[in-house]
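In what follows, a structure is listed as structure tokens, so that the remarks can point back to it.
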Amino acid sequence: MFAVHLMAFYFSKLKEDQIKKVDRFLYHMRLSDDTLLDIMRRFRAEMEKGLAKDTNPTAAVKMLPTFVRAIPDGSENGEFLSLDLGGSKFRVLKVQVAEEGKRHVQMESQFYPTPNEIIRGNGTELFEYVADCLADFMKTKDLKHKKLPLGLTFSFPCRQTKLEEGVLLSWTKKFKARGVQDTDVVSRLTKAMRRHKDMDVDILAVVNDTVGTMMTCAYDDPYCEVGVIIGTGTNACYMEDMSNIDLVEGDEGRMCINTEWGAFGDDGALEDIRTEFDRELDLGSLNPGKQMFEKMISGLYLGELVRLILLKMAKAGLLFGGEKSSALHTKGKIETRHVAAMEKYKEGLANTREILVDLGLEPSEADCIAVQHVCTIVSFRSANLCAAALAAILTRLRENKKVERLRTTVGVDGTLYKIHPQYPKRLHKVVRKLVPSCDVRFLLSESGSTKGAAMVTAVASRVQAQRKQIDKVLALFRLTREQLVDVQAKMRAELEYGLKKKSHGLATVRMLPTYVCGLPDGTEKGKFLALDLGGTNFRVLLVKIRSGRRSVRMYNKIFAIPLGIMQGTGEELFDHIVQCIADFLDYMGLKGASLPLGFTFSFPCRQMSIDKEFDLDIVAVVNDTVGTMMTCGYEDPNCEIGLIAGTGSNMCYMEDMRNIEMVEGDEGKMCINTEWGGFGDNGYIDDIRTRYDTEVDEGSLNPGKQRYEKMTSGMYLGEIVRQILIHLTKQGLLFRGQISERLRTRGIFETKFLSQIESDRLALLQVRTILQQLGLDSTCEDSIVVKEVCGAVSRRAAQLCGAGLAAIVEKRREDQGLEHLRITVGVDGTLYKLHPHFSRILQETVKELAPRCDVTFMLSEDGSGKGAALITAVAKRLQQAQKEN
């Protein structure tokens with residue numbers, strides 16, 4: 001018994017001594033947590049450098065855009081071919097992706113050898129060989145009669161400008177075919193395939209094996225947005241926000257970035273952690289000075305690193321009694337599979353002895369323990385370095401998403417990860433230690449690179465088909481110049497129709513005289529009351545106007561209008577208004593004062609004179625549109641048009657009295673309240689109305705009325721968007737085909753959401769947050785489509801508004817017989833003020849349709865209140881002038 005204990009003590013002491021000996025010898029290969037965090041920071045900096053246009057040319061980590069913009073959503077289906085070129089074997093695969101949303105894939109594949117004379121020979125011969133193998137596979141599987149899409153996995157650094165193009169930057173691993181670098185591999189393969197007349201194949205995508213791995217895993221787990229290869233070579237890819245990718249135009253959505261992290265350190269960034277063994281290995285490689293990070297991590301090099309270390313230790317007399325064999329001197333004699341075998345739990349020491357004996361060595365027990373520990377240090381360093389770079393990517397993903405904790409999945413493939421018994425556990429542990437704020441799942445890829453290329457192709461086919469359907473809907477809202485000119489002409493005709501006595505009663509554009517016959521001239525002065533009734537509240541204002549200085553001071557108080565009074569009798573409403581005026585005058589210390597009063601009444605009115613709408617001592621009754629024009633006219637004498645583009649839509653302008661047949665007199669001008677919202681109620685614009693406009697109209701309080709307003713104003717744009725979203729969701733093009741109860745709710749999509757969603761400063765993540773507030777669980781791709789829909793609807797609204805305004809400014813120019821007209825438009829309304837693009841598009845449309853009119857747009861400052869007071873002041877001035885005459 002004592003002997004057993006003695007032996008156990010001796011063995012553990014021996015093991016401890018050998019481990020310490022190796023640790024001392026390989027001190028520089030042991031990386032502390034602080035060193036790993038530093039490497040993580042360095043890699044983050046390299047990522048930034050590679051993504052930026054200015055620094056990318058000199059970046060070691062190239063961060064190549066792949067043009068893969070979406071991961072599988074489960075709706076992919078069809079039959080696809082896939083090729084995988086990049087390893088020791090070449091593989092052809094037929095992939096059948098199941099229909100009806102069931103995530104199921106059937107695969108049939110065939111491996112073909114890649115002889116050295118092919119992969120290191122002439123480039124043309126390489127691609128002809130690949131085409132011959134594909135033809136053989138299609139013949140074997142009876143696929144020659146089918147037209148099939150194909151995805152090519154090409155596991156080398158490529159520059160892409162589209163998904164179906166890849167220009168080889170440099171060969172890696174053992175490939176060295178001549179004349180391929182700086183050429184498009186898709187074109188080369190397509191040309192080779194043309195030799196086979198009976199083969200009809202379209203290459204839809206060229207992807208890196210890393211991207212293939214991510215896509216394969218994403219088909220099974222939608223949280224997968226990172227792919228890592230740890231095999232013969234090593235690399236990683238991940239989904240990056242488009243707004244951060246300088247090399248590609250556009251800010252919307254995300255794109256997969258192939259980091260090509262194997263070249264990390266090629267610029268000297270890792271010199272402090274590289275050892276003499278790394279340098280010796282690099283000098284003896286096919287590509288000295290290149291792929292520094294890969295040479296410290298991947299399966300192609302780990303065995304060679306171990307061999308160089310063992311040789312150096314033997315030379316130093318630390319192993320094998322100083323004896324060396326010819327095999328130990330031979331490059332490539334220790335492979336990564338040997339390293340994996342030596343680190344196996346329980347069998348590791350026995351495997352070590354067997355491998356060393358095969359190398360012509362006579363190892364002692366102590367030698368076997370030391371060699372096993374060398375393998376552990378080399379492979380552990382590999383896992384540590386891989387973890388540090390992966391942790392940098394995960395941190396970037398979390399920051400991009402602006403979340404405290406990130407839930408994500410990393411798809412992994414590669415022989416080193418698969419066959420090494422300790423590697424996955426070590427990698428996972430270090431990653432979780434470096435990024436404690438990330439909940440990471442590691443998913444082993446099944447036929448990753450080849451199946452993944454088919455999945456990229458399947459997604460590309462799905463996106464292509466969906467894009468066509470979405471574009472078909474959006475095309476309904478894209479107005480051509482001819483259509484806008486037609487709207488302008490029809491609006492012009494309706495304006496004339498509404499001004500004429502005979503046709504006025506039938507006109508859809510009502511052209512109501514306002515009896516406002518002048519604009520402010522700056523001489524107005526005095527105190528005036530103004531009332532503003534048009535919404536759920538009622539406002540009373542005291543407005544003080546100083547003569548000559550164009551200075552206005554205002555005091556106001558808001559009174560609520562109870563629902564019972566809003567929906568009661570007219571007498572009750574006006575009794576309530578009178579009581580509010582009395583309360584306000586009392587509040588201002590003006591009880592009993594007799595002041596001229598202007599009333600903004602924002603509803604269609606037929607007026608016989610300026611002060612005859614109600615049985616009150618009121619000088620002027622005005623519409624909010626007229627108030628807007630007058631407010632701006634006080635600042636700018638050229639302002640003769642008022643536009644409201646808000647909850648509702650309307651226009652007024654100063655018309656020559658000679659053209660207004662409903663009012664007597666030919667001298668001077670009068671403001672006409674067009675009430676243009678009814679334009680098209682006679683079917684004039686049915687050719688540009690869509691099914692969505694019809695649905696919104698039929699569900700409104702006034703079906704068949706205010707058709708133009710329902711296409712241009714804030715009250716309806718959100719509802720049009722909602723109808724489109726419902727239609728696209730029913731087609732399975734949005735929200736995974738699921739229509740939420742919130743989306744079924746009328747009025748839920750307010751126009752303010754359009755303004756927010758279309759903001760150029762808003763990231764897609766924030767768009768998704770808005771949609772989540774609406775109960776819509778959207779993907780990144782959904783958010784892009786919703787933003788496009790909002791853009792199409794609001795753009796059409798602004799263009800239609802612009803076409804109507806162009807009709808009016810052209811009429812004013814022609815009526816005055818001018819070659820060129822300078823005029824100002826006073827504008828108010830939340831849509832014009834708050835929407836990020838509405839005002840610009842409206843102005844551009846007017847400029848295009850009325851090129852001989854120089855139109856200035858001026859934002860109104862409290863048109864409905866201040867405007868009513870100014871109209872009252874102008875009316876008093878004109879009355880006074882009349883008396884004096």
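Chain labels A, B, ... are given in the sequence in which chains occur in the structure tokens; within each chain residues are numbered consecutively from 1, and ligands are likewise numbered from 1 in the order shown.
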Run DSSP on the backbone and tell me which residues of segment 42-258 of chain A come out as alpha helix (DSSP H); list them as an MDAnalysis selection string. chainID A and resid 42:51 116:119 123:140 185:193 209:220
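Excluding Lys147 of chain A and any residue on its chain fewer than 3 positions from it, the residues at most 8 Å away by only C-alpha atoms are A:Met199, A:Asp200, A:Val201, A:Asp202.
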Selection near segment 476-482 of chain A, 10 Å with only C-alpha atoms, sequence-local residues under 4 positions removed, as a ChimeraX atom specification: /A:471-472,486-488,688-692,789,791-797,799-800,803,845,848-849
For Lys174 of chain A, which of A:Glu117, A:Asp693, A:Asp575, A:Glu758 is the closest residue, counting only C-alpha atoms?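 Looking only at the distances to Lys174 of chain A, the closest residue turns out to be A:Glu117.
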Minimum-distance residue to Asn235 of chain A, chosen among A:Phe80, A:Tyr301, A:Phe156, A:Trp171 (using only C-alpha atoms):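 Among the listed residues, the smallest separation from Asn235 of chain A belongs to A:Phe156.
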Option closest in space to Arg744 of chain A, from A:Gly633, A:Glu667, A:Leu774, A:Met715 [counting only C-alpha atoms]: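 The closest residue to Arg744 of chain A is A:Leu774.
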I want to know what sits within 10 Å of segment 211-215 of chain A, based on only C-alpha atoms, with residues of the same chain fewer than 5 positions away left out; could you give that as a PyMOL selection string? chain A and resi 66+68+70-72+84+151-155+206+220-222+224-229+235-239+256-258+409-414+443-456+459
Check segment 125-300 of chain A with DSSP on the backbone and list each residue it calls strand (DSSP E), as number ranges by chain. A: 147-154, 158-159, 167-168, 200-207, 224-230, 234-241, 254-258
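Nearest to Ala263 of chain A of all the residues A:Pro113, A:Gly718, A:Gly50, A:Gly802 is A:Gly50, counting only C-alpha atoms.
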The residue from A:Asp681, A:Glu750, A:Glu164, A:Glu709 with the smallest atom-to-atom distance to Leu204 of chain A, counting only C-alpha atoms, is A:Glu164
Could you name the residues that touch Met107 of chain A at 9 Å or less, counting only C-alpha atoms, but leaving out those on the same chain fewer than 5 positions away, as a list in words?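 With the cut-off at 9 Å, the set is Leu93, Lys94, Val95, Gln96, Val97 and Lys451 of chain A.
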Pick from A:Arg812, A:Arg467, A:Lys557, A:Lys847: nearest to Glu781 of chain A, with only C-alpha atoms counted?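 Among A:Arg812, A:Arg467, A:Lys557, A:Lys847, it is A:Arg467 that comes nearest to Glu781 of chain A.
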Residues within 10 Å of Ser187 of chain A, only C-alpha atoms, excluding chain neighbours under 6 positions, as a ChimeraX atom specification: /A:164-167,193,203
